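Structure below is model.cif: mmCIF, N, CA and C atoms.
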data_my_file
loop_
_atom_site.label_atom_id
_atom_site.label_comp_id
_atom_site.auth_asym_id
_atom_site.auth_seq_id
_atom_site.Cartn_x
_atom_site.Cartn_y
_atom_site.Cartn_z
N MET A 3 -16.82 -34.07 -14.24
CA MET A 3 -15.94 -34.40 -13.15
C MET A 3 -16.40 -33.69 -11.89
N LYS A 4 -16.39 -34.40 -10.81
CA LYS A 4 -16.75 -33.79 -9.53
C LYS A 4 -15.82 -34.34 -8.47
N TYR A 5 -15.19 -33.45 -7.71
CA TYR A 5 -14.25 -33.82 -6.66
C TYR A 5 -14.55 -33.02 -5.42
N THR A 6 -14.18 -33.55 -4.27
CA THR A 6 -14.34 -32.85 -3.00
C THR A 6 -12.97 -32.44 -2.51
N SER A 7 -12.87 -31.23 -1.96
CA SER A 7 -11.61 -30.73 -1.44
C SER A 7 -11.87 -30.14 -0.06
N THR A 8 -10.86 -30.17 0.81
CA THR A 8 -10.97 -29.64 2.16
C THR A 8 -10.24 -28.31 2.24
N ILE A 9 -10.83 -27.36 2.95
CA ILE A 9 -10.20 -26.06 3.15
C ILE A 9 -9.36 -26.15 4.42
N THR A 10 -8.09 -25.78 4.32
CA THR A 10 -7.20 -25.82 5.49
C THR A 10 -7.48 -24.64 6.40
N SER A 11 -6.83 -24.62 7.57
CA SER A 11 -7.01 -23.52 8.51
C SER A 11 -6.50 -22.19 7.93
N LYS A 12 -5.64 -22.26 6.94
CA LYS A 12 -5.12 -21.05 6.28
C LYS A 12 -5.95 -20.67 5.06
N GLY A 13 -7.02 -21.41 4.77
CA GLY A 13 -7.89 -21.09 3.63
C GLY A 13 -7.44 -21.69 2.32
N THR A 14 -6.47 -22.58 2.36
CA THR A 14 -5.95 -23.20 1.15
C THR A 14 -6.80 -24.39 0.75
N ILE A 15 -7.05 -24.53 -0.55
CA ILE A 15 -7.72 -25.71 -1.06
C ILE A 15 -6.82 -26.35 -2.12
N THR A 16 -7.00 -27.63 -2.33
CA THR A 16 -6.24 -28.33 -3.35
C THR A 16 -7.19 -28.69 -4.48
N ILE A 17 -6.80 -28.36 -5.69
CA ILE A 17 -7.58 -28.74 -6.87
C ILE A 17 -7.07 -30.11 -7.30
N ALA A 18 -7.97 -31.07 -7.41
CA ALA A 18 -7.61 -32.44 -7.75
C ALA A 18 -6.80 -32.49 -9.04
N ALA A 19 -5.82 -33.38 -9.06
CA ALA A 19 -4.91 -33.50 -10.20
C ALA A 19 -5.63 -33.67 -11.54
N PRO A 20 -6.68 -34.52 -11.63
CA PRO A 20 -7.36 -34.63 -12.92
C PRO A 20 -7.97 -33.30 -13.40
N LEU A 21 -8.46 -32.49 -12.46
CA LEU A 21 -9.00 -31.18 -12.83
C LEU A 21 -7.88 -30.25 -13.27
N ARG A 22 -6.77 -30.24 -12.52
CA ARG A 22 -5.63 -29.38 -12.91
C ARG A 22 -5.14 -29.75 -14.30
N LYS A 23 -5.08 -31.04 -14.57
CA LYS A 23 -4.61 -31.49 -15.88
C LYS A 23 -5.59 -31.08 -16.98
N ALA A 24 -6.89 -31.29 -16.73
CA ALA A 24 -7.91 -30.95 -17.72
C ALA A 24 -7.93 -29.45 -18.02
N LEU A 25 -7.64 -28.64 -17.00
CA LEU A 25 -7.65 -27.19 -17.17
C LEU A 25 -6.30 -26.64 -17.60
N GLY A 26 -5.27 -27.49 -17.60
CA GLY A 26 -3.95 -27.05 -18.01
C GLY A 26 -3.25 -26.19 -16.99
N PHE A 27 -3.62 -26.30 -15.71
CA PHE A 27 -3.00 -25.51 -14.66
C PHE A 27 -1.60 -26.02 -14.36
N LYS A 28 -0.69 -25.10 -14.12
CA LYS A 28 0.71 -25.41 -13.81
C LYS A 28 1.02 -24.91 -12.40
N PRO A 29 2.00 -25.53 -11.71
CA PRO A 29 2.40 -25.05 -10.38
C PRO A 29 2.80 -23.58 -10.42
N GLY A 30 2.32 -22.82 -9.46
CA GLY A 30 2.64 -21.40 -9.38
C GLY A 30 1.76 -20.50 -10.22
N GLN A 31 0.91 -21.08 -11.07
CA GLN A 31 0.03 -20.30 -11.93
C GLN A 31 -1.05 -19.62 -11.10
N LYS A 32 -1.38 -18.40 -11.45
CA LYS A 32 -2.48 -17.67 -10.81
C LYS A 32 -3.80 -18.12 -11.44
N VAL A 33 -4.83 -18.27 -10.62
CA VAL A 33 -6.16 -18.60 -11.12
C VAL A 33 -7.15 -17.59 -10.54
N SER A 34 -8.26 -17.41 -11.21
CA SER A 34 -9.29 -16.51 -10.70
C SER A 34 -10.44 -17.34 -10.14
N LEU A 35 -11.00 -16.89 -9.05
CA LEU A 35 -12.15 -17.52 -8.44
C LEU A 35 -13.28 -16.50 -8.44
N THR A 36 -14.42 -16.89 -8.98
CA THR A 36 -15.56 -15.99 -9.07
C THR A 36 -16.77 -16.68 -8.46
N LEU A 37 -17.53 -15.94 -7.66
CA LEU A 37 -18.77 -16.47 -7.08
C LEU A 37 -19.92 -16.03 -7.98
N ASP A 38 -20.63 -17.01 -8.56
CA ASP A 38 -21.73 -16.65 -9.46
C ASP A 38 -23.02 -16.42 -8.67
N ASN A 39 -24.10 -16.11 -9.37
CA ASN A 39 -25.38 -15.79 -8.72
C ASN A 39 -25.98 -16.97 -7.98
N ASN A 40 -25.56 -18.18 -8.29
CA ASN A 40 -26.06 -19.39 -7.62
C ASN A 40 -25.14 -19.83 -6.49
N ARG A 41 -24.23 -18.95 -6.07
CA ARG A 41 -23.26 -19.23 -5.01
C ARG A 41 -22.34 -20.40 -5.36
N GLN A 42 -22.07 -20.55 -6.65
CA GLN A 42 -21.12 -21.55 -7.14
C GLN A 42 -19.81 -20.84 -7.45
N VAL A 43 -18.70 -21.46 -7.10
CA VAL A 43 -17.40 -20.88 -7.40
C VAL A 43 -16.97 -21.32 -8.79
N VAL A 44 -16.61 -20.35 -9.61
CA VAL A 44 -16.14 -20.61 -10.96
C VAL A 44 -14.64 -20.35 -10.97
N ILE A 45 -13.85 -21.33 -11.42
CA ILE A 45 -12.40 -21.21 -11.45
C ILE A 45 -11.95 -20.97 -12.88
N GLY A 46 -11.16 -19.93 -13.07
CA GLY A 46 -10.64 -19.63 -14.40
C GLY A 46 -9.13 -19.52 -14.37
N GLY A 47 -8.49 -19.97 -15.43
CA GLY A 47 -7.04 -19.93 -15.50
C GLY A 47 -6.48 -18.71 -16.18
N GLY A 48 -7.33 -17.96 -16.85
CA GLY A 48 -6.95 -16.74 -17.55
C GLY A 48 -5.49 -16.46 -17.78
N THR A 49 -5.22 -15.46 -18.55
CA THR A 49 -3.86 -15.02 -18.83
C THR A 49 -3.90 -13.51 -19.02
N ASN A 50 -2.76 -12.89 -18.91
CA ASN A 50 -2.72 -11.46 -19.14
C ASN A 50 -2.24 -11.19 -20.57
N VAL A 51 -2.37 -9.97 -21.00
CA VAL A 51 -2.05 -9.62 -22.39
C VAL A 51 -0.58 -9.89 -22.70
N ALA A 52 0.31 -9.55 -21.77
CA ALA A 52 1.74 -9.74 -22.02
C ALA A 52 2.08 -11.22 -22.22
N ASP A 53 1.53 -12.09 -21.36
CA ASP A 53 1.78 -13.53 -21.50
C ASP A 53 1.21 -14.06 -22.81
N PHE A 54 0.00 -13.59 -23.15
CA PHE A 54 -0.62 -14.01 -24.40
C PHE A 54 0.24 -13.62 -25.60
N GLU A 55 0.70 -12.36 -25.61
CA GLU A 55 1.50 -11.88 -26.73
C GLU A 55 2.83 -12.63 -26.82
N GLU A 56 3.43 -12.95 -25.68
CA GLU A 56 4.69 -13.70 -25.69
C GLU A 56 4.48 -15.08 -26.32
N LEU A 57 3.40 -15.76 -25.92
CA LEU A 57 3.10 -17.07 -26.48
C LEU A 57 2.76 -16.95 -27.96
N ARG A 58 1.96 -15.95 -28.31
CA ARG A 58 1.60 -15.74 -29.72
C ARG A 58 2.84 -15.52 -30.56
N ASP A 59 3.78 -14.72 -30.05
CA ASP A 59 5.00 -14.43 -30.80
C ASP A 59 5.83 -15.69 -31.02
N LYS A 60 5.87 -16.58 -30.02
CA LYS A 60 6.60 -17.84 -30.19
C LYS A 60 5.96 -18.70 -31.27
N ILE A 61 4.63 -18.74 -31.27
CA ILE A 61 3.90 -19.57 -32.22
C ILE A 61 3.98 -19.01 -33.64
N THR A 62 3.94 -17.70 -33.75
CA THR A 62 3.85 -17.07 -35.08
C THR A 62 5.15 -16.43 -35.53
N LYS A 63 6.28 -16.83 -34.96
CA LYS A 63 7.54 -16.14 -35.26
C LYS A 63 7.94 -16.19 -36.73
N LYS A 64 7.45 -17.16 -37.50
CA LYS A 64 7.81 -17.25 -38.92
C LYS A 64 6.85 -16.48 -39.82
N ILE A 65 5.79 -15.94 -39.25
CA ILE A 65 4.83 -15.17 -40.04
C ILE A 65 5.30 -13.72 -40.07
N PRO A 66 5.32 -13.09 -41.24
CA PRO A 66 5.74 -11.68 -41.32
C PRO A 66 4.87 -10.80 -40.42
N SER A 67 5.47 -9.83 -39.76
CA SER A 67 4.75 -9.00 -38.78
C SER A 67 3.55 -8.27 -39.39
N HIS A 68 3.63 -7.89 -40.68
CA HIS A 68 2.51 -7.16 -41.29
C HIS A 68 1.28 -8.05 -41.48
N LYS A 69 1.42 -9.37 -41.30
CA LYS A 69 0.28 -10.28 -41.43
C LYS A 69 -0.24 -10.77 -40.08
N LYS A 70 0.34 -10.32 -38.98
CA LYS A 70 -0.05 -10.79 -37.65
C LYS A 70 -1.23 -10.05 -37.05
N GLY A 71 -1.53 -8.88 -37.53
CA GLY A 71 -2.62 -8.11 -36.95
C GLY A 71 -2.13 -7.22 -35.83
N LEU A 72 -3.05 -6.66 -35.08
CA LEU A 72 -2.71 -5.72 -34.02
C LEU A 72 -2.19 -6.45 -32.78
N THR A 73 -1.26 -5.80 -32.08
CA THR A 73 -0.85 -6.29 -30.77
C THR A 73 -1.95 -5.93 -29.79
N GLY A 74 -1.91 -6.51 -28.61
CA GLY A 74 -2.90 -6.18 -27.58
C GLY A 74 -2.90 -4.71 -27.25
N GLN A 75 -1.69 -4.12 -27.12
CA GLN A 75 -1.59 -2.70 -26.80
C GLN A 75 -2.14 -1.85 -27.94
N ALA A 76 -1.83 -2.20 -29.18
CA ALA A 76 -2.34 -1.44 -30.32
C ALA A 76 -3.86 -1.52 -30.39
N LEU A 77 -4.40 -2.69 -30.07
CA LEU A 77 -5.85 -2.86 -30.07
C LEU A 77 -6.50 -1.99 -29.00
N LYS A 78 -5.90 -1.95 -27.80
CA LYS A 78 -6.41 -1.09 -26.73
C LYS A 78 -6.39 0.37 -27.15
N GLU A 79 -5.28 0.78 -27.77
CA GLU A 79 -5.15 2.17 -28.20
C GLU A 79 -6.17 2.52 -29.28
N ALA A 80 -6.40 1.60 -30.21
CA ALA A 80 -7.38 1.85 -31.28
C ALA A 80 -8.79 1.94 -30.69
N ALA A 81 -9.10 1.08 -29.73
CA ALA A 81 -10.42 1.11 -29.10
C ALA A 81 -10.60 2.42 -28.32
N ALA A 82 -9.57 2.84 -27.60
CA ALA A 82 -9.65 4.09 -26.84
C ALA A 82 -9.84 5.28 -27.78
N LYS A 83 -9.12 5.27 -28.88
CA LYS A 83 -9.23 6.37 -29.86
C LYS A 83 -10.64 6.41 -30.46
N ALA A 84 -11.19 5.25 -30.80
CA ALA A 84 -12.54 5.19 -31.36
C ALA A 84 -13.57 5.64 -30.34
N TRP A 85 -13.39 5.21 -29.09
CA TRP A 85 -14.33 5.59 -28.04
C TRP A 85 -14.30 7.10 -27.83
N THR A 86 -13.09 7.67 -27.82
CA THR A 86 -12.94 9.11 -27.63
C THR A 86 -13.58 9.87 -28.78
N ALA A 87 -13.38 9.39 -30.00
CA ALA A 87 -13.98 10.04 -31.17
C ALA A 87 -15.50 9.99 -31.10
N ASP A 88 -16.06 8.84 -30.71
CA ASP A 88 -17.52 8.71 -30.57
C ASP A 88 -18.04 9.66 -29.50
N TYR A 89 -17.30 9.78 -28.41
CA TYR A 89 -17.72 10.66 -27.32
C TYR A 89 -17.75 12.11 -27.78
N ARG A 90 -16.70 12.52 -28.52
CA ARG A 90 -16.64 13.90 -29.00
C ARG A 90 -17.78 14.20 -29.97
N GLU A 91 -18.11 13.24 -30.83
CA GLU A 91 -19.18 13.44 -31.80
C GLU A 91 -20.54 13.52 -31.14
N SER A 92 -20.71 12.86 -29.99
CA SER A 92 -22.02 12.82 -29.34
C SER A 92 -22.30 14.09 -28.53
N ARG A 93 -21.30 14.93 -28.36
CA ARG A 93 -21.48 16.14 -27.52
C ARG A 93 -22.01 17.28 -28.30
#

For the structure just supplied, provide its representation as structure tokens.
Amino acid sequence: MKYTSTITSKGTITIAAPLRKALGFKPGQKVSLTLDNNRQVVIGGGTNVADFEELRDKITKKIPSHKKGLTGQALKEAAAKAWTADYRESR
């Protein structure tokens, strides 16, 4: 898909409806814009950990918590603990 968009005097651009639909973008949603090495803009819809966990909890609400795995926060804490332990051992 390729579409052309005009930049307004305020710097606003409109993402064509077929692209918004294909990417699953919703009104008011935040998107990320990244400039790659070829000066191409890459648009990402990303999500944050809290939103992901909320959606995951809705989807998996019937699965017992002990079978769901780590939460995002628990995973961050485990990674930080492992990194700290590796750092201490390397000194």

To one decimal place, how far is atom CA of Leu25 of chain A from atom CA of Lys64 of chain A in Å? 28.5 Å

A straight line from atom C of Asn40 of chain A to atom CA of Thr16 of chain A spans 21.0 Å

Between atom C of Leu21 of chain A and atom C of Phe54 of chain A, what is the spacing in Å?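 If I compute the distance from atom C of Phe54 of chain A to atom C of Leu21 of chain A, I get 22.2 Å.
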
When DSSP works through the backbone of this structure, what residues of segment 11-88 of chain A end up as strand (DSSP E or B), shown as a list in words?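 Reading the DSSP output for segment 11-88 of chain A, strand (DSSP E or B) covers Ser34, Leu35, Thr36, Leu37, Val43, Val44, Ile45 and Gly46 of chain A.
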
Considering only C-alpha atoms, return as a compact mmCIF listing (two decimals) with N, CA and C atoms, in the frame of the given file whatever protein or nucleic-acid residues lie within 10 Å of Ala52 of chain A, sequence-local ones (same chain, fewer than 3 positions apart) excluded.
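Below is the file out-v9.txt, written as the result:
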# COMPACT_ATOMS: atom_id res chain seq x y z
N THR A 49 -5.22 -15.46 -18.55
CA THR A 49 -3.86 -15.02 -18.83
C THR A 49 -3.90 -13.51 -19.02
N GLU A 55 0.70 -12.36 -25.61
CA GLU A 55 1.50 -11.88 -26.73
C GLU A 55 2.83 -12.63 -26.82
N GLU A 56 3.43 -12.95 -25.68
CA GLU A 56 4.69 -13.70 -25.69
C GLU A 56 4.48 -15.08 -26.32
N LEU A 57 3.40 -15.76 -25.92
CA LEU A 57 3.10 -17.07 -26.48
C LEU A 57 2.76 -16.95 -27.96
N ARG A 58 1.96 -15.95 -28.31
CA ARG A 58 1.60 -15.74 -29.72
C ARG A 58 2.84 -15.52 -30.56
N THR A 73 -1.26 -5.80 -32.08
CA THR A 73 -0.85 -6.29 -30.77
C THR A 73 -1.95 -5.93 -29.79
N GLY A 74 -1.91 -6.51 -28.61
CA GLY A 74 -2.90 -6.18 -27.58
C GLY A 74 -2.90 -4.71 -27.25
N GLN A 75 -1.69 -4.12 -27.12
CA GLN A 75 -1.59 -2.70 -26.80
C GLN A 75 -2.14 -1.85 -27.94

Please evaluate the PyMOL selection byres (((chain A and resi 22 and name CA) around 12) and name CA) against the displayed coordinates and give the resulting residues as a PyMOL selection string. chain A and resi 3+5+16-21+23-29+31+33+45-47
